[in-house]
Amino acid sequence: MELRAPLRNIDEMVSRTKDIKYLSMKKDISVIIPIYNEEKIISELYWRLKEAVLKISPNYELIFVNDGSRDASLLHLMEFAKQDDKVYYINFSRNFGHQIAVTAGLDYCSGDAVVIIDGDLQDPPELIPELYAKHKEGYEVVYAQRSQRKGETFFKKITAKMFYRILRKITSIDIPLDTGDFRLIDKKIVEYLRLMPEKNKFLRGQIAWMGYRQTGVEFVRDERKYGKTGYSLSKMINFAMDGITSFSDKPLKYVTKVGIFVSFISFLIIIYALISHFLLDRAITGWTSLIISFMFVGGIQLISVGVIGEYISRINKNVLDRPLYLVQNTNLKKES
Ligand code: UDP
Ligand code: MG
């Protein structure tokens, strides 16, 4: 397959897109694949997806969402789309993030069953028929559960493990442990997801929140073969905060409780100081005790303000109500 050099000329790209525009029609199965700098594996991904989905039905669509890749991923996608009418792409105007990329795919897809899968082949496409079989048994959500995570750093594994356990504790929803977004969902779930207005997407939480019949299929998560993770530490922290703030207001309540506790302690210290001064005639001296208590209370206050800030910034984002993503070009027309 011949590929041109990375596109410098956007007009050329858009004009190339114009000749290939399909109208999305009813499909048995849609696969949504977010793509961020995956040029090295994108061909293997495409072929493996095709083979796996063909085992289910010839009436399918592959929706690739190019999330502002800086490599030739888009060119590959456009090439696939040219030769294969099952391939659709949505090209974002910049990098909007993994959850938003999946959301765009959900906005456009038209399958009765919809699979969300990572584009780095860490989620094996070969598991899709298995997910589909469970769906046929009557489950609206079939998530792929990692029985093992290969080749990920100790830090990532331990923080992910801690995060999901904390999230389970402080939210009332039952998010299955050790699952990512790799899953199959029914059309009904997709429709409800479209109705959920929040700007800070935490799809696995939203899906768990919905209930219905959900089940898991176990698999071994492979390591990333090429490239590096698109989730930087700051993206990971933001994602974790989105998960917590969208599903729990317990941090705000903890802040109040910590405030009451600290006030109580300081009240005891005041009593102790007064008794020492007036009854025992002994003044408490010392710079050290002063600075320690000062810093302690200062720290608690800053953390509390930070917690409140996390909620306020999310309220702000929702009030602004900007579009979630901007599409530069696509060969997919929304059903209306
Ligand atoms: N991804 C994306 N936008 C981003 C980061 C990642 O669309 O800003 C895609 C990426 O191409 C991959 C999936 O999201 O298909 C999962 O990302 P990644 O493998 O980097 O995350 P990890 O597996 O390390 O959690
Ligand atoms: Mg990955």
# chains A, B, ... in the order shown; residues from 1 in each chain; ligands from 1
$ residues_near_ligand --ligand "ligand 1" --cutoff "6 Å" --atoms "only C-alpha atoms and all ligand atoms" --output "VMD selection string"
chain A and resid 34 to 36 38 67 95 97 to 98 101 118 to 120 229 to 231
$ write_last_selection --atoms "N, CA, C and O atoms" --output "JSON list (two decimals), in the first residue's frame"
[["chain", "number", "residue", "atom", "x", "y", "z"],
["A", 34, "PRO", "N", -10.15, 4.19, 19.18],
["A", 34, "PRO", "CA", -9.46, 5.47, 19.29],
["A", 34, "PRO", "C", -8.00, 5.29, 18.87],
["A", 34, "PRO", "O", -7.37, 4.30, 19.24],
["A", 35, "ILE", "N", -7.50, 6.24, 18.11],
["A", 35, "ILE", "CA", -6.15, 6.11, 17.57],
["A", 35, "ILE", "C", -5.33, 7.35, 17.89],
["A", 35, "ILE", "O", -5.70, 8.46, 17.50],
["A", 36, "TYR", "N", -4.24, 7.15, 18.59],
["A", 36, "TYR", "CA", -3.33, 8.26, 18.86],
["A", 36, "TYR", "C", -1.91, 7.77, 18.65],
["A", 36, "TYR", "O", -1.39, 6.98, 19.43],
["A", 38, "GLU", "N", -0.54, 5.56, 16.33],
["A", 38, "GLU", "CA", -0.44, 4.09, 16.27],
["A", 38, "GLU", "C", -0.02, 3.61, 14.87],
["A", 38, "GLU", "O", -0.38, 2.51, 14.47],
["A", 67, "ASP", "N", -7.32, 10.76, 17.05],
["A", 67, "ASP", "CA", -7.33, 11.77, 18.09],
["A", 67, "ASP", "C", -6.08, 12.66, 18.00],
["A", 67, "ASP", "O", -5.25, 12.67, 18.90],
["A", 95, "ASN", "N", -5.70, 16.76, 19.55],
["A", 95, "ASN", "CA", -5.83, 15.69, 20.52],
["A", 95, "ASN", "C", -6.83, 16.09, 21.62],
["A", 95, "ASN", "O", -6.64, 17.08, 22.31],
["A", 97, "GLY", "N", -8.23, 13.56, 23.69],
["A", 97, "GLY", "CA", -8.18, 12.55, 24.76],
["A", 97, "GLY", "C", -8.98, 11.31, 24.42],
["A", 97, "GLY", "O", -9.93, 11.35, 23.65],
["A", 98, "HIS", "N", -8.54, 10.23, 25.03],
["A", 98, "HIS", "CA", -9.07, 8.90, 24.74],
["A", 98, "HIS", "C", -10.59, 8.79, 24.95],
["A", 98, "HIS", "O", -11.32, 8.32, 24.08],
["A", 101, "ALA", "N", -12.49, 10.60, 22.34],
["A", 101, "ALA", "CA", -12.41, 9.90, 21.06],
["A", 101, "ALA", "C", -13.44, 8.77, 21.01],
["A", 101, "ALA", "O", -14.17, 8.61, 20.03],
["A", 118, "ASP", "N", -9.14, -0.71, 22.43],
["A", 118, "ASP", "CA", -7.95, 0.14, 22.26],
["A", 118, "ASP", "C", -7.29, -0.13, 20.93],
["A", 118, "ASP", "O", -7.35, -1.25, 20.42],
["A", 119, "GLY", "N", -6.63, 0.88, 20.39],
["A", 119, "GLY", "CA", -6.01, 0.74, 19.08],
["A", 119, "GLY", "C", -4.56, 0.29, 19.13],
["A", 119, "GLY", "O", -3.88, 0.29, 18.12],
["A", 120, "ASP", "N", -4.06, -0.10, 20.30],
["A", 120, "ASP", "CA", -2.65, -0.47, 20.38],
["A", 120, "ASP", "C", -2.44, -1.97, 20.47],
["A", 120, "ASP", "O", -1.35, -2.44, 20.78],
["A", 229, "THR", "N", 2.71, 4.64, 25.75],
["A", 229, "THR", "CA", 1.37, 4.96, 26.19],
["A", 229, "THR", "C", 1.01, 6.43, 25.92],
["A", 229, "THR", "O", 1.85, 7.31, 26.05],
["A", 230, "GLY", "N", -0.24, 6.64, 25.53],
["A", 230, "GLY", "CA", -0.70, 8.01, 25.28],
["A", 230, "GLY", "C", -1.18, 8.65, 26.57],
["A", 230, "GLY", "O", -1.53, 9.82, 26.60],
["A", 231, "TYR", "N", -1.21, 7.85, 27.64],
["A", 231, "TYR", "CA", -1.66, 8.36, 28.93],
["A", 231, "TYR", "C", -0.46, 8.82, 29.76],
["A", 231, "TYR", "O", 0.22, 8.01, 30.38]]
$ residues_around --residues "Tyr254 (chain A)" --least-positions-apart "3" --cutoff "12 Å" --atoms "only C-alpha atoms" --output "list in words"
Ile170, Ser248, Asp249, Lys250, Pro251, Lys257, Val258, Gly259, Ile260, Phe261, Ile300, Ile303, Ser304, Val307 and Ile308 of chain A
$ closest_residue --among "A:Tyr132, A:Tyr108, A:Tyr311, A:Phe182" --to "ligand 2" --atoms "only C-alpha atoms and all ligand atoms"
A:Phe182
$ closest_residue --among "A:Asp107, A:Glu140, A:Asp242, A:Asp222" --to "Lys188 (chain A)" --atoms "only C-alpha atoms"
A:Glu140
$ closest_residue --among "A:Ser30, A:Thr285, A:Ser246, A:Ser43" --to "Lys201 (chain A)" --atoms "only C-alpha atoms"
A:Ser246
$ residues_around --residues "region 73-76 of chain A" --least-positions-apart "2" --cutoff "8 Å" --atoms "only C-alpha atoms" --output "MDAnalysis selection string"
chainID A and resid 3:4 6 35:39 42:43 66 69:71 78:80 91
$ write_last_selection --atoms "N, CA, C and O atoms" --output "PDB file, in the first residue's frame"
ATOM      1  N   LEU A   3       1.794   4.992   0.567  1.00  0.00           N
ATOM      2  CA  LEU A   3       1.324   6.095   1.399  1.00  0.00           C
ATOM      3  C   LEU A   3       2.084   7.353   1.051  1.00  0.00           C
ATOM      4  O   LEU A   3       3.284   7.322   0.848  1.00  0.00           O
ATOM      5  N   ARG A   4       1.343   8.435   0.999  1.00  0.00           N
ATOM      6  CA  ARG A   4       2.021   9.698   0.709  1.00  0.00           C
ATOM      7  C   ARG A   4       2.706  10.214   1.967  1.00  0.00           C
ATOM      8  O   ARG A   4       2.434   9.768   3.074  1.00  0.00           O
ATOM      9  N   PRO A   6       3.470  12.664   5.087  1.00  0.00           N
ATOM     10  CA  PRO A   6       2.475  13.297   5.955  1.00  0.00           C
ATOM     11  C   PRO A   6       1.894  14.554   5.323  1.00  0.00           C
ATOM     12  O   PRO A   6       2.607  15.334   4.708  1.00  0.00           O
ATOM     13  N   ILE A  35      -7.504   6.242  18.108  1.00  0.00           N
ATOM     14  CA  ILE A  35      -6.153   6.107  17.570  1.00  0.00           C
ATOM     15  C   ILE A  35      -5.333   7.353  17.888  1.00  0.00           C
ATOM     16  O   ILE A  35      -5.696   8.459  17.502  1.00  0.00           O
ATOM     17  N   TYR A  36      -4.244   7.146  18.591  1.00  0.00           N
ATOM     18  CA  TYR A  36      -3.335   8.258  18.864  1.00  0.00           C
ATOM     19  C   TYR A  36      -1.907   7.769  18.646  1.00  0.00           C
ATOM     20  O   TYR A  36      -1.393   6.980  19.434  1.00  0.00           O
ATOM     21  N   ASN A  37      -1.329   8.163  17.539  1.00  0.00           N
ATOM     22  CA  ASN A  37       0.030   7.748  17.171  1.00  0.00           C
ATOM     23  C   ASN A  37       0.219   6.229  17.150  1.00  0.00           C
ATOM     24  O   ASN A  37       1.028   5.685  17.886  1.00  0.00           O
ATOM     25  N   GLU A  38      -0.543   5.558  16.327  1.00  0.00           N
ATOM     26  CA  GLU A  38      -0.440   4.095  16.265  1.00  0.00           C
ATOM     27  C   GLU A  38      -0.025   3.611  14.873  1.00  0.00           C
ATOM     28  O   GLU A  38      -0.384   2.512  14.470  1.00  0.00           O
ATOM     29  N   GLU A  39       0.734   4.422  14.118  1.00  0.00           N
ATOM     30  CA  GLU A  39       1.035   4.064  12.726  1.00  0.00           C
ATOM     31  C   GLU A  39       1.705   2.695  12.575  1.00  0.00           C
ATOM     32  O   GLU A  39       1.488   2.004  11.595  1.00  0.00           O
ATOM     33  N   ILE A  42      -1.052  -0.126  12.936  1.00  0.00           N
ATOM     34  CA  ILE A  42      -2.410   0.123  12.459  1.00  0.00           C
ATOM     35  C   ILE A  42      -2.853  -0.874  11.378  1.00  0.00           C
ATOM     36  O   ILE A  42      -4.016  -1.275  11.330  1.00  0.00           O
ATOM     37  N   SER A  43      -1.906  -1.329  10.556  1.00  0.00           N
ATOM     38  CA  SER A  43      -2.271  -2.308   9.525  1.00  0.00           C
ATOM     39  C   SER A  43      -2.632  -3.641  10.151  1.00  0.00           C
ATOM     40  O   SER A  43      -3.661  -4.248   9.814  1.00  0.00           O
ATOM     41  N   ASN A  66      -9.342   9.270  14.882  1.00  0.00           N
ATOM     42  CA  ASN A  66      -7.962   9.746  14.966  1.00  0.00           C
ATOM     43  C   ASN A  66      -7.907  10.970  15.869  1.00  0.00           C
ATOM     44  O   ASN A  66      -8.386  12.038  15.531  1.00  0.00           O
ATOM     45  N   SER A  69      -3.380  12.451  16.051  1.00  0.00           N
ATOM     46  CA  SER A  69      -2.079  11.768  15.952  1.00  0.00           C
ATOM     47  C   SER A  69      -1.070  12.645  15.239  1.00  0.00           C
ATOM     48  O   SER A  69      -1.417  13.369  14.308  1.00  0.00           O
ATOM     49  N   ARG A  70       0.185  12.531  15.690  1.00  0.00           N
ATOM     50  CA  ARG A  70       1.213  13.323  15.028  1.00  0.00           C
ATOM     51  C   ARG A  70       2.021  12.488  14.049  1.00  0.00           C
ATOM     52  O   ARG A  70       3.014  12.920  13.515  1.00  0.00           O
ATOM     53  N   ASP A  71       1.606  11.272  13.820  1.00  0.00           N
ATOM     54  CA  ASP A  71       2.311  10.427  12.860  1.00  0.00           C
ATOM     55  C   ASP A  71       1.399  10.162  11.651  1.00  0.00           C
ATOM     56  O   ASP A  71       0.442  10.906  11.430  1.00  0.00           O
ATOM     57  N   MET A  78      -7.173   6.699   6.009  1.00  0.00           N
ATOM     58  CA  MET A  78      -7.816   7.168   4.781  1.00  0.00           C
ATOM     59  C   MET A  78      -7.611   6.165   3.656  1.00  0.00           C
ATOM     60  O   MET A  78      -8.504   5.959   2.823  1.00  0.00           O
ATOM     61  N   GLU A  79      -6.475   5.539   3.671  1.00  0.00           N
ATOM     62  CA  GLU A  79      -6.170   4.531   2.657  1.00  0.00           C
ATOM     63  C   GLU A  79      -7.082   3.309   2.838  1.00  0.00           C
ATOM     64  O   GLU A  79      -7.661   2.810   1.880  1.00  0.00           O
ATOM     65  N   PHE A  80      -7.224   2.871   4.088  1.00  0.00           N
ATOM     66  CA  PHE A  80      -8.127   1.733   4.361  1.00  0.00           C
ATOM     67  C   PHE A  80      -9.544   2.080   3.898  1.00  0.00           C
ATOM     68  O   PHE A  80     -10.234   1.271   3.288  1.00  0.00           O
ATOM     69  N   ASN A  91     -11.663  12.298  11.992  1.00  0.00           N
ATOM     70  CA  ASN A  91     -10.370  12.917  12.286  1.00  0.00           C
ATOM     71  C   ASN A  91     -10.587  14.182  13.110  1.00  0.00           C
ATOM     72  O   ASN A  91     -11.160  15.155  12.635  1.00  0.00           O
TER      73      ASN A  91
END
$ residues_around --residues "Gly105 (chain A)" --least-positions-apart "6" --cutoff "8 Å" --atoms "only C-alpha atoms" --output "count of residues only"
6
$ atom_distance --atom1 "CA of Val319 (chain A)" --atom2 "CA of Ile100 (chain A)"
17.7 Å
$ atom_distance --atom1 "CA of Leu332 (chain A)" --atom2 "CA of Leu45 (chain A)"
20.3 Å
$ closest_residue --among "A:Ser232, A:His135, A:Val141, A:Thr215" --to "ligand 2" --atoms "only C-alpha atoms and all ligand atoms"
A:Ser232
$ atom_distance --atom1 "CA of Val53 (chain A)" --atom2 "CA of Tyr226 (chain A)"
23.4 Å
$ select_by_dssp --residues "region 54-291 of chain A" --states "strand (DSSP E)" --output "number ranges by chain"
A: 60-66, 87-92, 111-116, 141-149, 179-186, 214-221
$ closest_residue --among "A:Val87, A:Leu131, A:Leu49, A:Ile117" --to "Asp181 (chain A)" --atoms "only C-alpha atoms"
A:Ile117
$ closest_residue --among "A:Gln328, A:Leu280, A:Val262, A:Ile315" --to "Phe296 (chain A)" --atoms "only C-alpha atoms"
A:Val262
$ residues_around --residues "Glu310 (chain A)" --least-positions-apart "4" --cutoff "9 Å" --atoms "only C-alpha atoms" --output "PDB file with N, CA, C and O atoms, in the first residue's frame"
ATOM      1  N   MET A 241      -9.448  11.692  38.628  1.00  0.00           N
ATOM      2  CA  MET A 241     -10.264  12.709  39.290  1.00  0.00           C
ATOM      3  C   MET A 241     -11.643  12.802  38.635  1.00  0.00           C
ATOM      4  O   MET A 241     -12.641  13.028  39.317  1.00  0.00           O
ATOM      5  N   ASP A 242     -11.691  12.649  37.318  1.00  0.00           N
ATOM      6  CA  ASP A 242     -12.992  12.647  36.625  1.00  0.00           C
ATOM      7  C   ASP A 242     -13.860  11.522  37.159  1.00  0.00           C
ATOM      8  O   ASP A 242     -15.053  11.699  37.404  1.00  0.00           O
ATOM      9  N   THR A 245     -14.930  12.476  40.870  1.00  0.00           N
ATOM     10  CA  THR A 245     -15.860  13.602  41.013  1.00  0.00           C
ATOM     11  C   THR A 245     -17.204  13.338  40.322  1.00  0.00           C
ATOM     12  O   THR A 245     -18.217  13.876  40.736  1.00  0.00           O
ATOM     13  N   VAL A 305      -9.218  23.227  49.925  1.00  0.00           N
ATOM     14  CA  VAL A 305      -9.538  24.146  48.830  1.00  0.00           C
ATOM     15  C   VAL A 305      -9.330  23.447  47.486  1.00  0.00           C
ATOM     16  O   VAL A 305     -10.123  23.598  46.556  1.00  0.00           O
ATOM     17  N   GLY A 306      -8.255  22.638  47.409  1.00  0.00           N
ATOM     18  CA  GLY A 306      -7.978  21.895  46.180  1.00  0.00           C
ATOM     19  C   GLY A 306      -9.117  20.946  45.834  1.00  0.00           C
ATOM     20  O   GLY A 306      -9.528  20.859  44.679  1.00  0.00           O
ATOM     21  N   ARG A 314     -14.873  21.356  37.279  1.00  0.00           N
ATOM     22  CA  ARG A 314     -15.732  20.494  36.450  1.00  0.00           C
ATOM     23  C   ARG A 314     -17.108  21.121  36.244  1.00  0.00           C
ATOM     24  O   ARG A 314     -17.703  20.984  35.175  1.00  0.00           O
ATOM     25  N   ILE A 315     -17.594  21.803  37.272  1.00  0.00           N
ATOM     26  CA  ILE A 315     -18.870  22.520  37.090  1.00  0.00           C
ATOM     27  C   ILE A 315     -18.685  23.558  35.988  1.00  0.00           C
ATOM     28  O   ILE A 315     -19.491  23.695  35.077  1.00  0.00           O
TER      29      ILE A 315
END
$ decode --residues "region 208-222 of chain A" --atoms "all heavy atoms" --output "PDB file, in the first residue's frame"
ATOM      1  N   ALA A 208     -21.266   1.292  34.117  1.00  0.00           N
ATOM      2  CA  ALA A 208     -21.555   0.520  35.339  1.00  0.00           C
ATOM      3  C   ALA A 208     -22.774   1.105  36.057  1.00  0.00           C
ATOM      4  O   ALA A 208     -23.614   0.380  36.573  1.00  0.00           O
ATOM      5  CB  ALA A 208     -20.345   0.536  36.268  1.00  0.00           C
ATOM      6  N   TRP A 209     -22.874   2.422  36.047  1.00  0.00           N
ATOM      7  CA  TRP A 209     -23.969   3.133  36.717  1.00  0.00           C
ATOM      8  C   TRP A 209     -25.333   2.729  36.154  1.00  0.00           C
ATOM      9  O   TRP A 209     -26.335   2.703  36.856  1.00  0.00           O
ATOM     10  CB  TRP A 209     -23.714   4.637  36.530  1.00  0.00           C
ATOM     11  CG  TRP A 209     -24.774   5.547  37.063  1.00  0.00           C
ATOM     12  CD1 TRP A 209     -24.847   6.075  38.320  1.00  0.00           C
ATOM     13  CD2 TRP A 209     -25.896   6.090  36.336  1.00  0.00           C
ATOM     14  NE1 TRP A 209     -25.935   6.892  38.427  1.00  0.00           N
ATOM     15  CE2 TRP A 209     -26.601   6.920  37.226  1.00  0.00           C
ATOM     16  CE3 TRP A 209     -26.373   5.943  35.032  1.00  0.00           C
ATOM     17  CZ2 TRP A 209     -27.754   7.604  36.857  1.00  0.00           C
ATOM     18  CZ3 TRP A 209     -27.527   6.617  34.670  1.00  0.00           C
ATOM     19  CH2 TRP A 209     -28.202   7.442  35.570  1.00  0.00           C
ATOM     20  N   MET A 210     -25.356   2.387  34.854  1.00  0.00           N
ATOM     21  CA  MET A 210     -26.629   2.107  34.193  1.00  0.00           C
ATOM     22  C   MET A 210     -27.282   0.814  34.647  1.00  0.00           C
ATOM     23  O   MET A 210     -28.497   0.664  34.527  1.00  0.00           O
ATOM     24  CB  MET A 210     -26.405   2.011  32.682  1.00  0.00           C
ATOM     25  CG  MET A 210     -26.229   3.348  32.061  1.00  0.00           C
ATOM     26  SD  MET A 210     -26.199   3.129  30.290  1.00  0.00           S
ATOM     27  CE  MET A 210     -25.239   4.538  29.840  1.00  0.00           C
ATOM     28  N   GLY A 211     -26.485  -0.109  35.116  1.00  0.00           N
ATOM     29  CA  GLY A 211     -27.068  -1.380  35.526  1.00  0.00           C
ATOM     30  C   GLY A 211     -27.310  -2.300  34.348  1.00  0.00           C
ATOM     31  O   GLY A 211     -26.398  -2.517  33.558  1.00  0.00           O
ATOM     32  N   TYR A 212     -28.502  -2.800  34.185  1.00  0.00           N
ATOM     33  CA  TYR A 212     -28.832  -3.842  33.198  1.00  0.00           C
ATOM     34  C   TYR A 212     -28.046  -5.115  33.491  1.00  0.00           C
ATOM     35  O   TYR A 212     -27.427  -5.240  34.546  1.00  0.00           O
ATOM     36  CB  TYR A 212     -28.575  -3.360  31.761  1.00  0.00           C
ATOM     37  CG  TYR A 212     -29.572  -2.319  31.312  1.00  0.00           C
ATOM     38  CD1 TYR A 212     -29.221  -0.983  31.276  1.00  0.00           C
ATOM     39  CD2 TYR A 212     -30.853  -2.688  30.969  1.00  0.00           C
ATOM     40  CE1 TYR A 212     -30.136  -0.012  30.890  1.00  0.00           C
ATOM     41  CE2 TYR A 212     -31.775  -1.735  30.573  1.00  0.00           C
ATOM     42  CZ  TYR A 212     -31.413  -0.408  30.532  1.00  0.00           C
ATOM     43  OH  TYR A 212     -32.311   0.527  30.151  1.00  0.00           O
ATOM     44  N   ARG A 213     -28.042  -6.024  32.533  1.00  0.00           N
ATOM     45  CA  ARG A 213     -27.322  -7.274  32.761  1.00  0.00           C
ATOM     46  C   ARG A 213     -25.893  -7.123  32.254  1.00  0.00           C
ATOM     47  O   ARG A 213     -25.685  -6.879  31.066  1.00  0.00           O
ATOM     48  CB  ARG A 213     -28.021  -8.424  32.029  1.00  0.00           C
ATOM     49  CG  ARG A 213     -29.252  -8.925  32.771  1.00  0.00           C
ATOM     50  CD  ARG A 213     -30.222  -9.579  31.841  1.00  0.00           C
ATOM     51  NE  ARG A 213     -30.741  -8.617  30.868  1.00  0.00           N
ATOM     52  CZ  ARG A 213     -31.670  -8.906  29.963  1.00  0.00           C
ATOM     53  NH1 ARG A 213     -32.155 -10.109  29.881  1.00  0.00           N
ATOM     54  NH2 ARG A 213     -32.098  -7.974  29.129  1.00  0.00           N
ATOM     55  N   GLN A 214     -24.952  -7.223  33.154  1.00  0.00           N
ATOM     56  CA  GLN A 214     -23.554  -7.037  32.792  1.00  0.00           C
ATOM     57  C   GLN A 214     -22.757  -8.277  33.184  1.00  0.00           C
ATOM     58  O   GLN A 214     -23.009  -8.876  34.209  1.00  0.00           O
ATOM     59  CB  GLN A 214     -22.965  -5.828  33.523  1.00  0.00           C
ATOM     60  CG  GLN A 214     -23.822  -4.575  33.404  1.00  0.00           C
ATOM     61  CD  GLN A 214     -23.001  -3.290  33.488  1.00  0.00           C
ATOM     62  OE1 GLN A 214     -21.799  -3.303  33.654  1.00  0.00           O
ATOM     63  NE2 GLN A 214     -23.686  -2.155  33.353  1.00  0.00           N
ATOM     64  N   THR A 215     -21.815  -8.620  32.352  1.00  0.00           N
ATOM     65  CA  THR A 215     -20.959  -9.760  32.698  1.00  0.00           C
ATOM     66  C   THR A 215     -19.563  -9.547  32.122  1.00  0.00           C
ATOM     67  O   THR A 215     -19.355  -8.643  31.322  1.00  0.00           O
ATOM     68  CB  THR A 215     -21.560 -11.085  32.189  1.00  0.00           C
ATOM     69  OG1 THR A 215     -20.790 -12.169  32.707  1.00  0.00           O
ATOM     70  CG2 THR A 215     -21.558 -11.165  30.673  1.00  0.00           C
ATOM     71  N   GLY A 216     -18.626 -10.381  32.527  1.00  0.00           N
ATOM     72  CA  GLY A 216     -17.242 -10.221  32.063  1.00  0.00           C
ATOM     73  C   GLY A 216     -16.707 -11.465  31.399  1.00  0.00           C
ATOM     74  O   GLY A 216     -17.177 -12.571  31.639  1.00  0.00           O
ATOM     75  N   VAL A 217     -15.720 -11.253  30.532  1.00  0.00           N
ATOM     76  CA  VAL A 217     -14.987 -12.356  29.918  1.00  0.00           C
ATOM     77  C   VAL A 217     -13.518 -12.086  30.222  1.00  0.00           C
ATOM     78  O   VAL A 217     -13.052 -10.976  30.017  1.00  0.00           O
ATOM     79  CB  VAL A 217     -15.208 -12.374  28.387  1.00  0.00           C
ATOM     80  CG1 VAL A 217     -14.250 -13.343  27.717  1.00  0.00           C
ATOM     81  CG2 VAL A 217     -16.648 -12.713  28.053  1.00  0.00           C
ATOM     82  N   GLU A 218     -12.816 -13.087  30.720  1.00  0.00           N
ATOM     83  CA  GLU A 218     -11.418 -12.847  31.119  1.00  0.00           C
ATOM     84  C   GLU A 218     -10.454 -12.944  29.948  1.00  0.00           C
ATOM     85  O   GLU A 218     -10.683 -13.688  29.003  1.00  0.00           O
ATOM     86  CB  GLU A 218     -11.011 -13.860  32.186  1.00  0.00           C
ATOM     87  CG  GLU A 218     -11.575 -13.517  33.538  1.00  0.00           C
ATOM     88  CD  GLU A 218     -10.757 -14.105  34.671  1.00  0.00           C
ATOM     89  OE1 GLU A 218      -9.884 -14.942  34.414  1.00  0.00           O
ATOM     90  OE2 GLU A 218     -11.016 -13.694  35.819  1.00  0.00           O
ATOM     91  N   PHE A 219      -9.412 -12.160  30.013  1.00  0.00           N
ATOM     92  CA  PHE A 219      -8.358 -12.264  28.997  1.00  0.00           C
ATOM     93  C   PHE A 219      -7.036 -11.780  29.584  1.00  0.00           C
ATOM     94  O   PHE A 219      -7.013 -11.123  30.621  1.00  0.00           O
ATOM     95  CB  PHE A 219      -8.721 -11.456  27.744  1.00  0.00           C
ATOM     96  CG  PHE A 219      -8.505  -9.958  27.882  1.00  0.00           C
ATOM     97  CD1 PHE A 219      -7.467  -9.321  27.209  1.00  0.00           C
ATOM     98  CD2 PHE A 219      -9.333  -9.201  28.692  1.00  0.00           C
ATOM     99  CE1 PHE A 219      -7.277  -7.947  27.315  1.00  0.00           C
ATOM    100  CE2 PHE A 219      -9.143  -7.825  28.812  1.00  0.00           C
ATOM    101  CZ  PHE A 219      -8.120  -7.203  28.128  1.00  0.00           C
ATOM    102  N   VAL A 220      -5.963 -12.156  28.892  1.00  0.00           N
ATOM    103  CA  VAL A 220      -4.639 -11.706  29.324  1.00  0.00           C
ATOM    104  C   VAL A 220      -4.289 -10.476  28.519  1.00  0.00           C
ATOM    105  O   VAL A 220      -4.291 -10.514  27.294  1.00  0.00           O
ATOM    106  CB  VAL A 220      -3.583 -12.810  29.095  1.00  0.00           C
ATOM    107  CG1 VAL A 220      -2.197 -12.300  29.449  1.00  0.00           C
ATOM    108  CG2 VAL A 220      -3.934 -14.041  29.903  1.00  0.00           C
ATOM    109  N   ARG A 221      -4.044  -9.372  29.207  1.00  0.00           N
ATOM    110  CA  ARG A 221      -3.741  -8.137  28.488  1.00  0.00           C
ATOM    111  C   ARG A 221      -2.277  -8.126  28.090  1.00  0.00           C
ATOM    112  O   ARG A 221      -1.393  -8.219  28.930  1.00  0.00           O
ATOM    113  CB  ARG A 221      -4.051  -6.933  29.367  1.00  0.00           C
ATOM    114  CG  ARG A 221      -3.889  -5.614  28.641  1.00  0.00           C
ATOM    115  CD  ARG A 221      -4.673  -4.544  29.369  1.00  0.00           C
ATOM    116  NE  ARG A 221      -4.220  -3.200  29.092  1.00  0.00           N
ATOM    117  CZ  ARG A 221      -4.824  -2.368  28.260  1.00  0.00           C
ATOM    118  NH1 ARG A 221      -5.856  -2.776  27.569  1.00  0.00           N
ATOM    119  NH2 ARG A 221      -4.389  -1.144  28.103  1.00  0.00           N
ATOM    120  N   ASP A 222      -2.064  -8.020  26.799  1.00  0.00           N
ATOM    121  CA  ASP A 222      -0.697  -8.011  26.272  1.00  0.00           C
ATOM    122  C   ASP A 222       0.005  -6.702  26.562  1.00  0.00           C
ATOM    123  O   ASP A 222      -0.619  -5.716  26.896  1.00  0.00           O
ATOM    124  CB  ASP A 222      -0.733  -8.212  24.752  1.00  0.00           C
ATOM    125  CG  ASP A 222      -0.686  -9.681  24.401  1.00  0.00           C
ATOM    126  OD1 ASP A 222      -0.122 -10.438  25.207  1.00  0.00           O
ATOM    127  OD2 ASP A 222      -1.216 -10.057  23.337  1.00  0.00           O
TER     128      ASP A 222
END
